[in-house]
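For reference, start.txt is printed below; it contains compact mmCIF, N, CA and C atoms.
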```
# COMPACT_ATOMS: atom_id res chain seq x y z
N MET E 1 -0.91 4.23 0.91
CA MET E 1 -2.18 3.91 0.30
C MET E 1 -2.31 4.68 -1.00
N THR E 2 -2.85 4.04 -2.01
CA THR E 2 -3.16 4.71 -3.27
C THR E 2 -4.66 4.63 -3.50
N CYS E 3 -5.15 5.57 -4.31
CA CYS E 3 -6.57 5.63 -4.59
C CYS E 3 -6.78 5.99 -6.05
N ASP E 4 -7.73 5.35 -6.69
CA ASP E 4 -8.09 5.67 -8.08
C ASP E 4 -9.58 5.95 -8.13
N GLY E 5 -9.92 7.22 -8.24
CA GLY E 5 -11.33 7.63 -8.24
C GLY E 5 -12.07 7.21 -9.49
N THR E 6 -11.35 6.98 -10.60
CA THR E 6 -12.04 6.60 -11.83
C THR E 6 -12.65 5.20 -11.73
N VAL E 7 -12.05 4.34 -10.90
CA VAL E 7 -12.60 3.00 -10.70
C VAL E 7 -13.09 2.80 -9.27
N ASN E 8 -13.01 3.88 -8.44
CA ASN E 8 -13.47 3.85 -7.06
C ASN E 8 -12.82 2.70 -6.29
N ALA E 9 -11.48 2.65 -6.33
CA ALA E 9 -10.74 1.59 -5.64
C ALA E 9 -9.54 2.19 -4.92
N ALA E 10 -9.14 1.53 -3.85
CA ALA E 10 -7.96 1.93 -3.09
C ALA E 10 -7.09 0.71 -2.87
N TYR E 11 -5.81 0.96 -2.63
CA TYR E 11 -4.89 -0.13 -2.33
C TYR E 11 -4.08 0.27 -1.11
N VAL E 12 -4.13 -0.57 -0.08
CA VAL E 12 -3.38 -0.33 1.14
C VAL E 12 -2.14 -1.21 1.11
N TYR E 13 -0.97 -0.57 1.05
CA TYR E 13 0.30 -1.29 1.03
C TYR E 13 0.70 -1.64 2.45
N LEU E 14 1.11 -2.88 2.66
CA LEU E 14 1.64 -3.30 3.96
C LEU E 14 3.15 -3.47 3.87
N THR E 15 3.71 -3.06 2.75
CA THR E 15 5.16 -3.00 2.52
C THR E 15 5.42 -1.65 1.86
N GLU E 16 6.66 -1.29 1.71
CA GLU E 16 7.01 -0.07 0.98
C GLU E 16 6.67 -0.28 -0.49
N PRO E 17 5.84 0.59 -1.09
CA PRO E 17 5.50 0.42 -2.50
C PRO E 17 6.73 0.41 -3.40
N GLN E 18 7.78 1.14 -3.02
CA GLN E 18 8.99 1.21 -3.82
C GLN E 18 9.84 -0.06 -3.69
N ALA E 19 9.52 -0.93 -2.75
CA ALA E 19 10.33 -2.13 -2.52
C ALA E 19 10.19 -3.13 -3.67
N GLY E 20 9.23 -2.94 -4.54
CA GLY E 20 9.09 -3.82 -5.68
C GLY E 20 8.49 -5.18 -5.35
N MET E 21 7.83 -5.28 -4.21
CA MET E 21 7.17 -6.54 -3.85
C MET E 21 6.06 -6.83 -4.85
N ARG E 22 6.00 -8.05 -5.29
CA ARG E 22 4.97 -8.44 -6.25
C ARG E 22 4.06 -9.47 -5.61
N SER E 23 2.80 -9.35 -5.95
CA SER E 23 1.82 -10.30 -5.45
C SER E 23 1.99 -11.63 -6.16
N ALA E 24 2.16 -12.69 -5.38
CA ALA E 24 2.25 -14.03 -5.94
C ALA E 24 0.86 -14.64 -6.10
N HIS E 25 -0.03 -14.27 -5.19
CA HIS E 25 -1.41 -14.74 -5.32
C HIS E 25 -2.34 -13.82 -4.53
N MET E 26 -3.59 -13.80 -4.97
CA MET E 26 -4.60 -12.94 -4.39
C MET E 26 -5.72 -13.82 -3.84
N HIS E 27 -6.21 -13.41 -2.68
CA HIS E 27 -7.31 -14.14 -2.05
C HIS E 27 -8.50 -13.19 -1.93
N PRO E 28 -9.56 -13.40 -2.71
CA PRO E 28 -10.74 -12.54 -2.58
C PRO E 28 -11.51 -12.88 -1.30
N CYS E 29 -11.96 -11.87 -0.61
CA CYS E 29 -12.75 -12.03 0.60
C CYS E 29 -14.06 -11.28 0.41
N ASP E 30 -15.15 -11.93 0.72
CA ASP E 30 -16.47 -11.32 0.57
C ASP E 30 -17.22 -11.43 1.89
N PRO E 31 -16.83 -10.58 2.87
CA PRO E 31 -17.50 -10.65 4.17
C PRO E 31 -18.97 -10.27 4.06
N VAL E 32 -19.83 -11.08 4.57
CA VAL E 32 -21.28 -10.89 4.47
C VAL E 32 -21.71 -9.59 5.14
N ASP E 33 -21.19 -9.31 6.30
CA ASP E 33 -21.63 -8.15 7.08
C ASP E 33 -21.09 -6.81 6.56
N VAL E 34 -20.18 -6.83 5.60
CA VAL E 34 -19.56 -5.60 5.12
C VAL E 34 -20.17 -5.12 3.82
N ASP E 35 -20.94 -5.94 3.15
CA ASP E 35 -21.59 -5.57 1.90
C ASP E 35 -20.58 -5.19 0.82
N GLY E 36 -19.64 -6.08 0.58
CA GLY E 36 -18.68 -5.84 -0.48
C GLY E 36 -17.42 -6.64 -0.32
N MET E 37 -16.70 -6.74 -1.41
CA MET E 37 -15.51 -7.57 -1.45
C MET E 37 -14.26 -6.76 -1.20
N ILE E 38 -13.24 -7.41 -0.65
CA ILE E 38 -11.87 -6.90 -0.60
C ILE E 38 -10.97 -8.02 -1.10
N ASN E 39 -9.78 -7.66 -1.56
CA ASN E 39 -8.84 -8.65 -2.06
C ASN E 39 -7.54 -8.55 -1.28
N LEU E 40 -7.05 -9.68 -0.80
CA LEU E 40 -5.81 -9.73 -0.04
C LEU E 40 -4.70 -10.25 -0.95
N ASP E 41 -3.59 -9.51 -1.04
CA ASP E 41 -2.45 -9.92 -1.85
C ASP E 41 -1.36 -10.48 -0.96
N PHE E 42 -0.80 -11.62 -1.38
CA PHE E 42 0.27 -12.30 -0.63
C PHE E 42 1.49 -12.45 -1.52
N ASP E 43 2.67 -12.44 -0.88
CA ASP E 43 3.90 -12.66 -1.63
C ASP E 43 4.20 -14.15 -1.73
N GLU E 44 5.36 -14.49 -2.27
CA GLU E 44 5.71 -15.91 -2.47
C GLU E 44 5.90 -16.67 -1.17
N GLN E 45 6.16 -15.95 -0.06
CA GLN E 45 6.30 -16.60 1.25
C GLN E 45 4.99 -16.57 2.04
N ASP E 46 3.89 -16.29 1.34
CA ASP E 46 2.55 -16.23 1.94
C ASP E 46 2.41 -15.15 3.01
N ARG E 47 3.16 -14.06 2.84
CA ARG E 47 3.01 -12.90 3.73
C ARG E 47 2.04 -11.93 3.09
N LEU E 48 1.15 -11.37 3.88
CA LEU E 48 0.20 -10.38 3.40
C LEU E 48 0.96 -9.10 3.07
N ILE E 49 0.85 -8.65 1.81
CA ILE E 49 1.59 -7.46 1.40
C ILE E 49 0.69 -6.29 1.03
N GLY E 50 -0.60 -6.54 0.83
CA GLY E 50 -1.49 -5.44 0.48
C GLY E 50 -2.95 -5.83 0.46
N ILE E 51 -3.79 -4.81 0.51
CA ILE E 51 -5.23 -5.01 0.52
C ILE E 51 -5.85 -4.10 -0.54
N GLU E 52 -6.54 -4.69 -1.49
CA GLU E 52 -7.27 -3.92 -2.50
C GLU E 52 -8.70 -3.74 -2.01
N VAL E 53 -9.19 -2.50 -2.09
CA VAL E 53 -10.53 -2.18 -1.60
C VAL E 53 -11.36 -1.63 -2.76
N PRO E 54 -12.10 -2.50 -3.48
CA PRO E 54 -13.05 -1.99 -4.47
C PRO E 54 -14.18 -1.24 -3.75
N ALA E 55 -14.83 -0.33 -4.45
CA ALA E 55 -15.89 0.50 -3.85
C ALA E 55 -15.37 1.22 -2.61
N ALA E 56 -14.14 1.74 -2.73
CA ALA E 56 -13.46 2.36 -1.60
C ALA E 56 -14.24 3.54 -1.02
N GLY E 57 -14.97 4.25 -1.85
CA GLY E 57 -15.72 5.41 -1.37
C GLY E 57 -16.76 5.06 -0.32
N SER E 58 -17.26 3.84 -0.34
CA SER E 58 -18.25 3.43 0.65
C SER E 58 -17.65 2.57 1.76
N LYS E 59 -16.37 2.23 1.65
CA LYS E 59 -15.74 1.34 2.64
C LYS E 59 -14.73 2.05 3.54
N LEU E 60 -14.12 3.13 3.04
CA LEU E 60 -13.05 3.80 3.79
C LEU E 60 -13.46 5.22 4.14
N PRO E 61 -12.94 5.75 5.25
CA PRO E 61 -13.27 7.12 5.64
C PRO E 61 -12.76 8.12 4.60
N ALA E 62 -13.50 9.19 4.40
CA ALA E 62 -13.16 10.20 3.40
C ALA E 62 -11.79 10.81 3.66
N TYR E 63 -11.42 11.07 4.93
CA TYR E 63 -10.12 11.66 5.22
C TYR E 63 -8.98 10.75 4.76
N LEU E 64 -9.17 9.45 4.85
CA LEU E 64 -8.15 8.50 4.43
C LEU E 64 -8.00 8.52 2.90
N LEU E 65 -9.12 8.57 2.21
CA LEU E 65 -9.09 8.64 0.76
C LEU E 65 -8.46 9.95 0.29
N ARG E 66 -8.75 11.05 0.98
CA ARG E 66 -8.16 12.34 0.61
C ARG E 66 -6.64 12.35 0.78
N SER E 67 -6.16 11.63 1.76
CA SER E 67 -4.72 11.62 2.02
C SER E 67 -3.96 10.59 1.17
N ALA E 68 -4.66 9.75 0.45
CA ALA E 68 -4.03 8.71 -0.36
C ALA E 68 -3.33 9.31 -1.58
N GLU E 69 -2.30 8.63 -2.04
CA GLU E 69 -1.64 9.01 -3.29
C GLU E 69 -2.61 8.71 -4.43
N ARG E 70 -2.85 9.70 -5.27
CA ARG E 70 -3.84 9.55 -6.36
C ARG E 70 -3.21 8.80 -7.54
N GLN E 71 -3.96 7.87 -8.10
CA GLN E 71 -3.55 7.13 -9.29
C GLN E 71 -4.35 7.58 -10.50
N ASP E 72 -5.12 8.63 -10.33
CA ASP E 72 -5.93 9.20 -11.40
C ASP E 72 -5.68 10.70 -11.41
N THR E 73 -6.36 11.41 -12.24
CA THR E 73 -6.19 12.87 -12.27
C THR E 73 -7.17 13.58 -11.36
N GLU E 74 -8.19 12.87 -10.89
CA GLU E 74 -9.16 13.44 -9.96
C GLU E 74 -8.47 13.76 -8.65
N GLY E 75 -8.67 14.96 -8.16
CA GLY E 75 -8.08 15.35 -6.89
C GLY E 75 -6.66 15.85 -6.99
N SER E 76 -6.10 15.92 -8.21
CA SER E 76 -4.72 16.40 -8.38
C SER E 76 -4.66 17.91 -8.39
```

As C-alpha cells, the full file:
Amino acid sequence: MTCDGTVNAAYVYLTEPQAGMRSAHMHPCDPVDVDGMINLDFDEQDRLIGIEVPAAGSKLPAYLLRSAERQDTEGS
C-alpha cells in the first residue's frame, strides 16, 4: 500500500508494485453508505489489480496509513 498525505489518498496494490502491472481501465465506485468514492483498477484481462482510496484519512485505519509506503515527504 502507498499513501500520499498531500492529496489524502492511498493505493492498495493487489499485485506486486514492482511487477509493472498497468491499469487498462478504472471503474469508479461511489457506495452510498460509505460517504465517498473509491476507484478499482483492472488489467487488460479484467483482473482487479488495485484500489485507489481518495480521502484515505477518513476511510482507512490510522495504523494502516502509518505503515504504508509514503509517496510524499510527510511522515518521512

Point out the residue among E:Val34, E:Leu64, E:Met21, E:Val7 with the least atom-to-atom distance to E:Arg47, counting only C-alpha atoms.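 Under the stated criterion, the closest residue is E:Met21.
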
| said: Using all atoms listed in the file, can you tell me which of E:Thr15, E:Asp4, E:Ala9, E:Pro61 comes closest to E:Ile49? | reply: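 Using all atoms listed in the file, the shortest distance to E:Ile49 belongs to E:Thr15.
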
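With atom C of E:Arg66 on one side and atom N of E:Met1 on the other, the separation reads 9.9 Å.
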
Which residues are close to E:Tyr13, i.e. within 8 Å by all atoms listed in the file, leaving aside same-chain residues fewer than 5 positions away? Reply as a ChimeraX atom specification. /E:1-2,48-52

Report as a list of chain:residue names: the residues of chain E with a DSSP assignment of strand (DSSP E), based on the backbone of this structure.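 Everything in chain E that counts as strand (DSSP E) is E:Thr2, E:Cys3, E:Asp4, E:Ala9, E:Ala10, E:Tyr11, E:Val12, E:Tyr13, E:His25, E:Met26, E:His27, E:Pro28, E:Cys29, E:Ile38, E:Asn39, E:Leu40, E:Asp41, E:Phe42, E:Leu48, E:Ile49, E:Gly50, E:Ile51, E:Glu52, E:Val53, E:Pro54, E:Glu69, E:Arg70.
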
Can you tell me, as a list in words, which residues in chain E count as alpha helix (DSSP H) by DSSP?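 Residues meeting the alpha helix (DSSP H) criterion: Ala56, Gly57, Ser58, Lys59, Ala62, Tyr63, Leu64, Leu65, Arg66 and Ser67 of chain E.
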
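Residue nearest E:His25 within the list E:Val12, E:Ala68, E:Ala62, E:Leu40: E:Leu40 [criterion: smallest interatomic distance, only N, CA and C atoms].
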
Atom C of E:Gly5 to atom N of E:Val53 measures 12.5 Å

Query raised in the report: If you measure from atom CA of E:Lys59 to atom CA of E:Glu44, what distance in Å do you get, rounded to one decimal?
Result: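 Interatomic distance, atom CA of E:Lys59 to atom CA of E:Glu44: 28.0 Å.
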
So, with only C-alpha atoms as the atoms that count, which of E:Ile38, E:Pro28, E:Glu16, E:Arg70 lies closest to E:Ala56?
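Nearest candidate to E:Ala56 out of E:Ile38, E:Pro28, E:Glu16, E:Arg70: E:Ile38.
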